[in-house]
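Chemist: Okay, so here is protein24.cif, and as you'll see once you scroll down, it has mmCIF, C-alpha atoms.
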```cif
data_protein
loop_
_atom_site.group_PDB
_atom_site.id
_atom_site.type_symbol
_atom_site.label_atom_id
_atom_site.label_comp_id
_atom_site.auth_asym_id
_atom_site.auth_seq_id
_atom_site.Cartn_x
_atom_site.Cartn_y
_atom_site.Cartn_z
ATOM 1 C CA MET A 60 5.653 20.361 -15.144
ATOM 2 C CA GLN A 61 8.288 19.255 -12.627
ATOM 3 C CA ILE A 62 7.063 15.691 -13.008
ATOM 4 C CA LEU A 63 7.233 15.835 -16.802
ATOM 5 C CA LEU A 64 10.761 17.239 -16.616
ATOM 6 C CA ALA A 65 11.831 14.471 -14.214
ATOM 7 C CA PHE A 66 10.464 11.952 -16.724
ATOM 8 C CA ILE A 67 12.462 13.564 -19.555
ATOM 9 C CA PHE A 68 15.641 13.652 -17.442
ATOM 10 C CA GLY A 69 15.149 9.954 -16.639
ATOM 11 C CA LEU A 70 14.702 9.265 -20.337
ATOM 12 C CA ILE A 71 18.000 11.048 -21.098
ATOM 13 C CA PHE A 72 19.726 9.066 -18.329
ATOM 14 C CA GLY A 73 18.364 5.779 -19.695
ATOM 15 C CA LEU A 74 19.365 6.680 -23.257
ATOM 16 C CA GLY A 75 22.864 7.383 -21.958
ATOM 17 C CA ILE A 76 22.979 3.944 -20.341
ATOM 18 C CA LEU A 77 21.833 2.211 -23.541
ATOM 19 C CA ILE A 78 24.102 4.178 -25.927
ATOM 20 C CA SER A 79 27.131 3.772 -23.658
ATOM 21 C CA GLY A 80 26.635 0.002 -23.439
ATOM 22 C CA MET A 81 26.282 0.015 -19.655
ATOM 23 C CA GLY A 82 23.015 -1.924 -19.825
ATOM 24 C CA ASN A 83 25.057 -4.848 -21.170
ATOM 25 C CA PRO A 84 26.395 -6.984 -18.284
ATOM 26 C CA ALA A 85 29.048 -8.622 -20.495
ATOM 27 C CA LYS A 86 30.503 -5.204 -21.336
ATOM 28 C CA VAL A 87 30.571 -4.134 -17.684
ATOM 29 C CA MET A 88 32.185 -7.396 -16.575
ATOM 30 C CA ASN A 89 34.791 -7.159 -19.352
ATOM 31 C CA PHE A 90 35.828 -3.762 -17.985
ATOM 32 C CA PHE A 91 36.613 -5.427 -14.680
ATOM 33 C CA ASP A 92 38.329 -8.385 -16.357
ATOM 34 C CA LEU A 93 41.808 -6.886 -16.540
ATOM 35 C CA ALA A 94 43.318 -10.350 -16.961
ATOM 36 C CA GLY A 95 40.978 -11.280 -19.847
ATOM 37 C CA HIS A 96 39.514 -9.509 -22.893
ATOM 38 C CA TRP A 97 39.624 -6.060 -21.296
ATOM 39 C CA ASP A 98 37.030 -3.584 -22.596
ATOM 40 C CA PRO A 99 37.923 -0.046 -21.376
ATOM 41 C CA SER A 100 34.505 1.393 -22.382
ATOM 42 C CA LEU A 101 33.221 1.883 -18.807
ATOM 43 C CA ALA A 102 36.094 4.297 -18.105
ATOM 44 C CA PHE A 103 34.972 6.392 -21.087
ATOM 45 C CA VAL A 104 31.390 6.417 -19.784
ATOM 46 C CA MET A 105 32.586 7.631 -16.397
ATOM 47 C CA ALA A 106 34.877 10.227 -17.991
ATOM 48 C CA GLY A 107 32.079 11.634 -20.150
ATOM 49 C CA ALA A 108 29.557 11.655 -17.301
ATOM 50 C CA VAL A 109 31.873 13.158 -14.689
ATOM 51 C CA ALA A 110 33.213 15.821 -17.093
ATOM 52 C CA VAL A 111 29.734 17.052 -18.051
ATOM 53 C CA THR A 112 28.438 16.879 -14.474
ATOM 54 C CA THR A 113 31.463 18.684 -13.012
ATOM 55 C CA ALA A 114 31.164 21.524 -15.519
ATOM 56 C CA GLY A 115 27.387 21.710 -15.163
ATOM 57 C CA TYR A 116 27.437 21.682 -11.355
ATOM 58 C CA GLN A 117 29.986 24.540 -11.305
ATOM 59 C CA PHE A 118 27.623 26.603 -13.401
ATOM 60 C CA ILE A 119 24.430 25.646 -11.509
ATOM 61 C CA PHE A 120 25.786 26.210 -8.005
ATOM 62 C CA GLN A 121 26.505 29.847 -8.844
ATOM 63 C CA SER A 122 22.797 30.434 -8.355
ATOM 64 C CA GLY A 123 21.425 29.980 -4.862
ATOM 65 C CA LYS A 124 18.655 27.513 -5.547
ATOM 66 C CA PRO A 125 17.222 25.170 -8.184
ATOM 67 C CA LEU A 126 14.681 26.412 -10.737
ATOM 68 C CA ALA A 127 11.872 24.416 -9.095
ATOM 69 C CA GLY A 128 12.672 23.909 -5.437
ATOM 70 C CA GLU A 129 13.787 25.562 -2.238
ATOM 71 C CA ALA A 130 17.404 24.469 -2.094
ATOM 72 C CA PHE A 131 19.973 22.111 -3.569
ATOM 73 C CA LEU A 132 19.707 18.905 -1.531
ATOM 74 C CA LEU A 133 23.283 17.693 -1.205
ATOM 75 C CA PRO A 134 24.723 14.957 1.016
ATOM 76 C CA THR A 135 26.061 16.476 4.231
ATOM 77 C CA ASN A 136 27.843 13.488 5.778
ATOM 78 C CA PRO A 137 31.584 13.908 5.076
ATOM 79 C CA ARG A 138 32.748 10.829 7.016
ATOM 80 C CA ILE A 139 34.592 7.975 5.377
ATOM 81 C CA ASP A 140 33.347 5.362 7.817
ATOM 82 C CA ALA A 141 32.874 1.606 8.113
ATOM 83 C CA PRO A 142 29.319 1.457 6.661
ATOM 84 C CA LEU A 143 30.457 3.420 3.586
ATOM 85 C CA LEU A 144 33.444 1.175 2.923
ATOM 86 C CA ALA A 145 31.787 -2.147 3.827
ATOM 87 C CA GLY A 146 28.652 -1.283 1.847
ATOM 88 C CA SER A 147 30.650 -0.146 -1.183
ATOM 89 C CA ALA A 148 32.809 -3.291 -1.016
ATOM 90 C CA LEU A 149 29.633 -5.385 -0.975
ATOM 91 C CA PHE A 150 28.143 -3.420 -3.877
ATOM 92 C CA GLY A 151 31.277 -4.088 -5.961
ATOM 93 C CA ILE A 152 31.029 -7.828 -5.267
ATOM 94 C CA GLY A 153 27.385 -7.924 -6.379
ATOM 95 C CA TRP A 154 28.180 -5.774 -9.428
ATOM 96 C CA GLY A 155 30.962 -8.180 -10.381
ATOM 97 C CA ILE A 156 28.716 -11.232 -9.943
ATOM 98 C CA ALA A 157 25.722 -9.908 -11.916
ATOM 99 C CA GLY A 158 27.245 -7.300 -14.246
ATOM 100 C CA PHE A 159 24.347 -4.950 -13.447
ATOM 101 C CA CYS A 160 24.356 -1.851 -11.273
ATOM 102 C CA PRO A 161 21.008 -0.211 -10.354
ATOM 103 C CA GLY A 162 21.262 2.462 -13.070
ATOM 104 C CA GLY A 163 22.292 -0.082 -15.688
ATOM 105 C CA ALA A 164 19.483 -2.521 -14.945
ATOM 106 C CA ILE A 165 16.428 -0.231 -14.981
ATOM 107 C CA PRO A 166 16.578 0.829 -18.674
ATOM 108 C CA MET A 167 17.127 -2.834 -19.619
ATOM 109 C CA LEU A 168 13.930 -3.744 -17.739
ATOM 110 C CA GLY A 169 12.138 -1.814 -20.459
ATOM 111 C CA THR A 170 13.422 -4.198 -23.130
ATOM 112 C CA GLY A 171 11.319 -6.982 -21.608
ATOM 113 C CA ARG A 172 14.298 -9.286 -21.033
ATOM 114 C CA LEU A 173 14.219 -11.699 -18.124
ATOM 115 C CA GLU A 174 17.801 -11.212 -16.828
ATOM 116 C CA PRO A 175 17.429 -7.571 -15.705
ATOM 117 C CA LEU A 176 14.097 -8.485 -14.088
ATOM 118 C CA ILE A 177 15.720 -11.249 -12.026
ATOM 119 C CA PHE A 178 18.492 -8.876 -10.965
ATOM 120 C CA PHE A 179 15.992 -6.127 -10.146
ATOM 121 C CA ALA A 180 13.864 -8.459 -7.988
ATOM 122 C CA GLY A 181 16.991 -9.279 -5.962
ATOM 123 C CA LEU A 182 17.952 -5.598 -5.846
ATOM 124 C CA ALA A 183 14.555 -4.536 -4.503
ATOM 125 C CA ALA A 184 14.635 -7.330 -1.889
ATOM 126 C CA GLY A 185 18.139 -6.298 -0.797
ATOM 127 C CA LEU A 186 17.198 -2.606 -0.621
ATOM 128 C CA ILE A 187 14.077 -3.294 1.446
ATOM 129 C CA ALA A 188 15.885 -5.702 3.797
ATOM 130 C CA ALA A 189 18.803 -3.323 4.390
ATOM 131 C CA ARG A 190 16.535 -0.288 4.829
ATOM 132 C CA ASN A 191 14.482 -2.223 7.395
ATOM 133 C CA ALA A 192 17.645 -3.273 9.213
ATOM 134 C CA GLN A 193 18.853 0.349 9.259
ATOM 135 C CA ALA A 194 15.502 1.595 10.558
ATOM 136 C CA ALA A 195 15.483 -1.068 13.288
ATOM 137 C CA ALA A 196 19.067 -0.225 14.294
ATOM 138 C CA SER A 197 18.376 3.506 14.518
ATOM 139 C CA ALA A 198 15.197 2.846 16.537
ATOM 140 C CA THR A 199 17.103 0.714 19.073
ATOM 141 C CA PRO A 200 18.593 2.676 21.999
ATOM 142 C CA GLY A 201 22.340 2.382 21.650
ATOM 143 C CA GLY A 202 22.008 0.991 18.140
ATOM 144 C CA THR A 203 24.007 2.347 15.249
ATOM 145 C CA ALA A 204 22.111 5.200 13.645
ATOM 146 C CA LEU A 205 22.916 5.437 9.972
ATOM 147 C CA ALA A 206 22.199 8.311 7.685
ATOM 148 C CA PRO A 207 19.621 7.460 5.011
ATOM 149 C CA PRO A 208 21.127 6.943 1.566
ATOM 150 C CA ARG A 209 21.050 10.101 -0.492
ATOM 151 C CA SER A 210 22.697 9.081 -3.693
ATOM 152 C CA MET B 79 34.216 -10.623 -25.688
ATOM 153 C CA THR B 80 32.721 -7.176 -26.248
ATOM 154 C CA GLU B 81 33.890 -4.521 -28.665
ATOM 155 C CA PHE B 82 35.580 -1.413 -27.245
ATOM 156 C CA THR B 83 33.261 1.524 -28.025
ATOM 157 C CA PRO B 84 35.063 4.734 -26.982
ATOM 158 C CA LEU B 85 32.842 7.188 -28.881
ATOM 159 C CA GLN B 86 29.458 5.664 -28.009
ATOM 160 C CA SER B 87 30.527 5.249 -24.394
ATOM 161 C CA LEU B 88 31.777 8.828 -24.145
ATOM 162 C CA LEU B 89 28.543 10.104 -25.735
ATOM 163 C CA GLY B 90 26.354 7.911 -23.519
ATOM 164 C CA GLY B 91 28.309 9.046 -20.485
ATOM 165 C CA ALA B 92 27.822 12.688 -21.501
ATOM 166 C CA LEU B 93 24.047 12.083 -21.680
ATOM 167 C CA ILE B 94 24.105 10.578 -18.170
ATOM 168 C CA GLY B 95 25.984 13.693 -17.071
ATOM 169 C CA LEU B 96 23.478 15.964 -18.823
ATOM 170 C CA SER B 97 20.652 14.220 -16.980
ATOM 171 C CA ALA B 98 22.453 14.677 -13.651
ATOM 172 C CA VAL B 99 23.038 18.383 -14.367
ATOM 173 C CA LEU B 100 19.412 18.998 -15.379
ATOM 174 C CA LEU B 101 18.019 17.167 -12.331
ATOM 175 C CA MET B 102 20.188 19.335 -10.073
ATOM 176 C CA ALA B 103 19.370 22.550 -11.960
ATOM 177 C CA VAL B 104 15.597 22.042 -11.871
ATOM 178 C CA HIS B 105 14.862 19.770 -8.892
ATOM 179 C CA GLY B 106 18.004 20.381 -6.823
ATOM 180 C CA ARG B 107 18.573 16.627 -6.531
ATOM 181 C CA ILE B 108 21.467 14.221 -6.893
ATOM 182 C CA ALA B 109 20.888 11.801 -9.791
ATOM 183 C CA GLY B 110 21.696 8.723 -7.733
ATOM 184 C CA ILE B 111 19.607 5.729 -8.684
ATOM 185 C CA THR B 112 20.042 4.100 -5.256
ATOM 186 C CA GLY B 113 18.597 7.148 -3.527
ATOM 187 C CA ILE B 114 15.834 7.766 -6.068
ATOM 188 C CA LEU B 115 14.693 4.117 -6.027
ATOM 189 C CA GLY B 116 15.253 3.592 -2.294
ATOM 190 C CA GLY B 117 12.889 6.451 -1.468
ATOM 191 C CA LEU B 118 10.088 4.545 -3.202
ATOM 192 C CA LEU B 119 10.606 1.382 -1.146
ATOM 193 C CA PRO B 120 9.591 0.557 2.439
ATOM 194 C CA PRO B 121 10.157 1.407 5.175
ATOM 195 C CA GLY B 122 9.552 5.123 5.254
ATOM 196 C CA ILE B 123 8.370 5.828 1.720
ATOM 197 C CA VAL B 124 9.043 9.485 1.023
ATOM 198 C CA THR B 125 6.395 12.112 0.323
ATOM 199 C CA ASP B 126 8.212 13.409 -2.776
ATOM 200 C CA TRP B 127 7.621 10.176 -4.673
ATOM 201 C CA PRO B 128 6.101 11.646 -7.895
ATOM 202 C CA TRP B 129 9.328 13.028 -9.390
ATOM 203 C CA ARG B 130 11.211 9.861 -8.397
ATOM 204 C CA LEU B 131 8.640 7.643 -10.078
ATOM 205 C CA ALA B 132 8.662 9.882 -13.166
ATOM 206 C CA PHE B 133 12.478 9.762 -13.413
ATOM 207 C CA LEU B 134 12.548 5.956 -13.116
ATOM 208 C CA GLY B 135 9.664 5.749 -15.599
ATOM 209 C CA GLY B 136 11.701 7.750 -18.085
ATOM 210 C CA MET B 137 14.630 5.360 -17.599
ATOM 211 C CA LEU B 138 12.342 2.382 -18.079
ATOM 212 C CA LEU B 139 10.980 3.741 -21.370
ATOM 213 C CA ALA B 140 14.422 4.681 -22.719
ATOM 214 C CA PRO B 141 14.574 1.562 -24.962
ATOM 215 C CA PHE B 142 11.672 2.988 -26.972
ATOM 216 C CA ALA B 143 13.471 6.304 -27.446
ATOM 217 C CA TYR B 144 16.590 4.330 -28.365
ATOM 218 C CA ALA B 145 14.653 2.405 -31.012
ATOM 219 C CA ALA B 146 13.586 5.736 -32.518
ATOM 220 C CA VAL B 147 17.195 6.796 -33.090
ATOM 221 C CA SER B 148 18.819 3.439 -33.850
ATOM 222 C CA THR B 149 17.745 0.523 -36.002
ATOM 223 C CA VAL B 150 20.059 -1.853 -34.115
ATOM 224 C CA PRO B 151 18.986 -2.866 -30.581
ATOM 225 C CA PRO B 152 21.507 -2.232 -27.783
ATOM 226 C CA GLY B 153 23.990 -5.073 -27.403
ATOM 227 C CA PHE B 154 23.128 -7.474 -24.617
ATOM 228 C CA SER B 155 24.778 -10.540 -23.188
ATOM 229 C CA SER B 156 24.371 -11.652 -19.597
ATOM 230 C CA PRO B 157 27.006 -14.215 -18.580
ATOM 231 C CA GLY B 158 25.530 -14.712 -15.091
ATOM 232 C CA SER B 159 23.190 -17.631 -14.265
ATOM 233 C CA TRP B 160 19.754 -16.795 -12.884
ATOM 234 C CA PRO B 161 20.763 -17.582 -9.275
ATOM 235 C CA ALA B 162 23.872 -15.414 -9.746
ATOM 236 C CA LEU B 163 21.743 -12.523 -11.052
ATOM 237 C CA ALA B 164 19.321 -12.798 -8.133
ATOM 238 C CA ALA B 165 22.090 -13.139 -5.536
ATOM 239 C CA GLY B 166 24.036 -10.297 -7.175
ATOM 240 C CA GLY B 167 20.923 -8.133 -6.974
ATOM 241 C CA VAL B 168 20.427 -8.812 -3.262
ATOM 242 C CA ILE B 169 24.110 -8.111 -2.525
ATOM 243 C CA VAL B 170 23.995 -4.864 -4.551
ATOM 244 C CA GLY B 171 20.815 -3.778 -2.735
ATOM 245 C CA ILE B 172 22.341 -4.295 0.709
ATOM 246 C CA GLY B 173 25.684 -2.797 -0.330
ATOM 247 C CA VAL B 174 24.353 0.416 -1.860
ATOM 248 C CA THR B 175 22.073 1.007 1.138
ATOM 249 C CA TYR B 176 24.904 0.882 3.678
ATOM 250 C CA GLY B 177 27.310 2.511 1.200
ATOM 251 C CA SER B 178 24.766 5.322 0.604
ATOM 252 C CA GLY B 179 25.027 5.165 -3.169
ATOM 253 C CA CYS B 180 26.076 3.408 -6.345
ATOM 254 C CA THR B 181 27.789 4.213 -9.640
ATOM 255 C CA SER B 182 25.570 7.201 -10.386
ATOM 256 C CA GLY B 183 25.357 8.814 -6.949
ATOM 257 C CA HIS B 184 28.958 8.338 -5.850
ATOM 258 C CA GLY B 185 30.608 7.701 -9.224
ATOM 259 C CA VAL B 186 29.077 10.514 -11.260
ATOM 260 C CA CYS B 187 27.514 13.099 -8.929
ATOM 261 C CA GLY B 188 29.883 12.564 -5.981
ATOM 262 C CA LEU B 189 33.074 12.778 -8.033
ATOM 263 C CA ALA B 190 31.682 15.850 -9.822
ATOM 264 C CA ARG B 191 31.295 17.496 -6.382
ATOM 265 C CA PHE B 192 34.885 16.528 -5.481
ATOM 266 C CA SER B 193 33.545 14.532 -2.508
ATOM 267 C CA PRO B 194 36.326 12.542 -0.763
ATOM 268 C CA ARG B 195 33.638 10.246 0.669
ATOM 269 C CA SER B 196 32.389 9.393 -2.821
ATOM 270 C CA LEU B 197 35.945 8.893 -4.098
ATOM 271 C CA ALA B 198 36.548 6.388 -1.289
ATOM 272 C CA ALA B 199 33.308 4.589 -2.223
ATOM 273 C CA VAL B 200 34.179 4.491 -5.941
ATOM 274 C CA LEU B 201 37.694 3.169 -5.383
ATOM 275 C CA THR B 202 36.286 0.516 -3.029
ATOM 276 C CA PHE B 203 33.500 -0.788 -5.285
ATOM 277 C CA MET B 204 35.662 -0.699 -8.415
ATOM 278 C CA ALA B 205 38.343 -2.716 -6.612
ATOM 279 C CA THR B 206 35.979 -5.366 -5.247
ATOM 280 C CA ALA B 207 34.169 -5.641 -8.594
ATOM 281 C CA ALA B 208 37.474 -6.289 -10.377
ATOM 282 C CA LEU B 209 38.511 -8.771 -7.691
ATOM 283 C CA THR B 210 35.155 -10.573 -7.947
ATOM 284 C CA VAL B 211 35.377 -10.895 -11.746
ATOM 285 C CA PHE B 212 38.999 -12.072 -11.460
ATOM 286 C CA VAL B 213 38.096 -14.773 -8.948
ATOM 287 C CA ALA B 214 34.997 -15.851 -10.887
ATOM 288 C CA ARG B 215 36.735 -16.049 -14.256
ATOM 289 C CA HIS B 216 40.347 -16.909 -13.554
ATOM 290 C CA VAL B 217 40.389 -18.683 -10.183
ATOM 291 C CA LEU B 218 37.110 -20.598 -10.118
ATOM 292 C CA GLY B 219 37.105 -20.786 -13.920
ATOM 293 C CA GLY B 220 34.192 -19.947 -16.140
#
```
Is it possible to express this structure as structure tokens?

Modeler:
Amino acid sequence: MQILLAFIFGLIFGLGILISGMGNPAKVMNFFDLAGHWDPSLAFVMAGAVAVTTAGYQFIFQSGKPLAGEAFLLPTNPRIDAPLLAGSALFGIGWGIAGFCPGGAIPMLGTGRLEPLIFFAGLAAGLIAARNAQAAASATPGGTALAPPRS
Amino acid sequence: MTEFTPLQSLLGGALIGLSAVLLMAVHGRIAGITGILGGLLPPGIVTDWPWRLAFLGGMLLAPFAYAAVSTVPPGFSSPGSWPALAAGGVIVGIGVTYGSGCTSGHGVCGLARFSPRSLAAVLTFMATAALTVFVARHVLGG
């Protein structure tokens, strides 16, 4: 049942990506092209998503735990540190180059197009390489231990 | 050039938000694609992989649900060359791992939790994305 629900929630997420236009790299890149043919749509996607999530979270967190699970698993690291900022800066560069973010690319994979597949292959390689590097660093005495990504 | 779509984008965004709310209400999880996908990749594949795989499977099959409600396929145009798409993917993968999240985890769920850490991440990746597109289109030409 939990698995079926996760599938349905993923379906809703993917539908949101497709309806909002965020699976379209040209539309994403035009949001960032303030000096060109600016398309403000991405701001409306974020506004709609954050508004619903903020309201929903307020309601949900009034109960102590999720319907199927022991506890709400929320990120606990409050630090604004170098890995956060450097990693986010890098993510923005890649997003600007390709026009895909992870959530935007996966529903487009289902259309059978080649472009999201090429991006996704690079994404998976980058994720695996960086996760290996993090694991190696945290296993090294004196190395920088990094919290695993939660979001 | 792409057409400004305020209503569709607001509606699509609301659906993304609905998904994030439901995943938290039922599973108690952040709807961050970086985290959900990362847990399925080596090293250290997580034991709670079934719900992650199911969520990503739902995302993957969304075009079929879309086709059931719309006769027009979703607009698509990818300006990037194949090497740019592959390189962009690698850079995104490394960035979101060290940055602990992407647009969904930090941008949607993090901002909804009023997380200063997520706000810092969002401001940073939005700024570098805009800078990258500016350089690619208006400095290097394109």

Chemist: Tell me which protein, DNA and RNA residues are within 12 Å of A:Ala85, counting only C-alpha atoms, leaving out same-chain ones fewer than 3 positions away, and put them as a PyMOL selection string.

Modeler: (chain A and resi 80-82+88-92+96-98+100-101+154-159+163) or (chain B and resi 79-82+153-158+211)

Chemist: List as a ChimeraX atom specification: which residues have an atom within 12 Å of (30.2, 0.6, 4.3), counting only C-alpha atoms?

Modeler: /A:138-151,205-206,208 /B:172-180,195-196,198-200,202-203

Chemist: Find, counting all atoms listed in the file, the residue in A:Ala94, A:Ile71, A:Ala110, A:Ala102 that gets nearest to B:Thr83.

Modeler: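 Of A:Ala94, A:Ile71, A:Ala110, A:Ala102, the one nearest B:Thr83 is A:Ala102, counting all atoms listed in the file.
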
Chemist: If you measure from atom CA of A:Pro161 to atom CA of A:Pro175, what distance in Å do you get, rounded to one decimal?

Modeler: 9.8 Å

Chemist: As an exercise, work out the distance from atom CA of B:Gly106 to atom CA of A:Leu126 in Å and give it to one decimal place.

Modeler: 7.9 Å

Chemist: Provide the atom CA of A:Asn136 to atom CA of B:Gly188 distance in Å, to one decimal place.

Modeler: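 These two atoms are separated by 12.0 Å.
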
Chemist: List the spatial neighbours of stretch 73-75 of chain A as a ChimeraX atom specification - criterion: any atom at most 7 Å away, all atoms listed in the file, same-chain residues fewer than 6 positions off excluded.

Modeler: /A:166 /B:90-91,93-94,137,140,144

Chemist: Which is closer to B:Ser148 than all the others in A:Cys160, A:Ile78, A:Ile67, A:Ala180, using all atoms listed in the file?

Modeler: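 Using all atoms listed in the file, the shortest distance to B:Ser148 belongs to A:Ile78.
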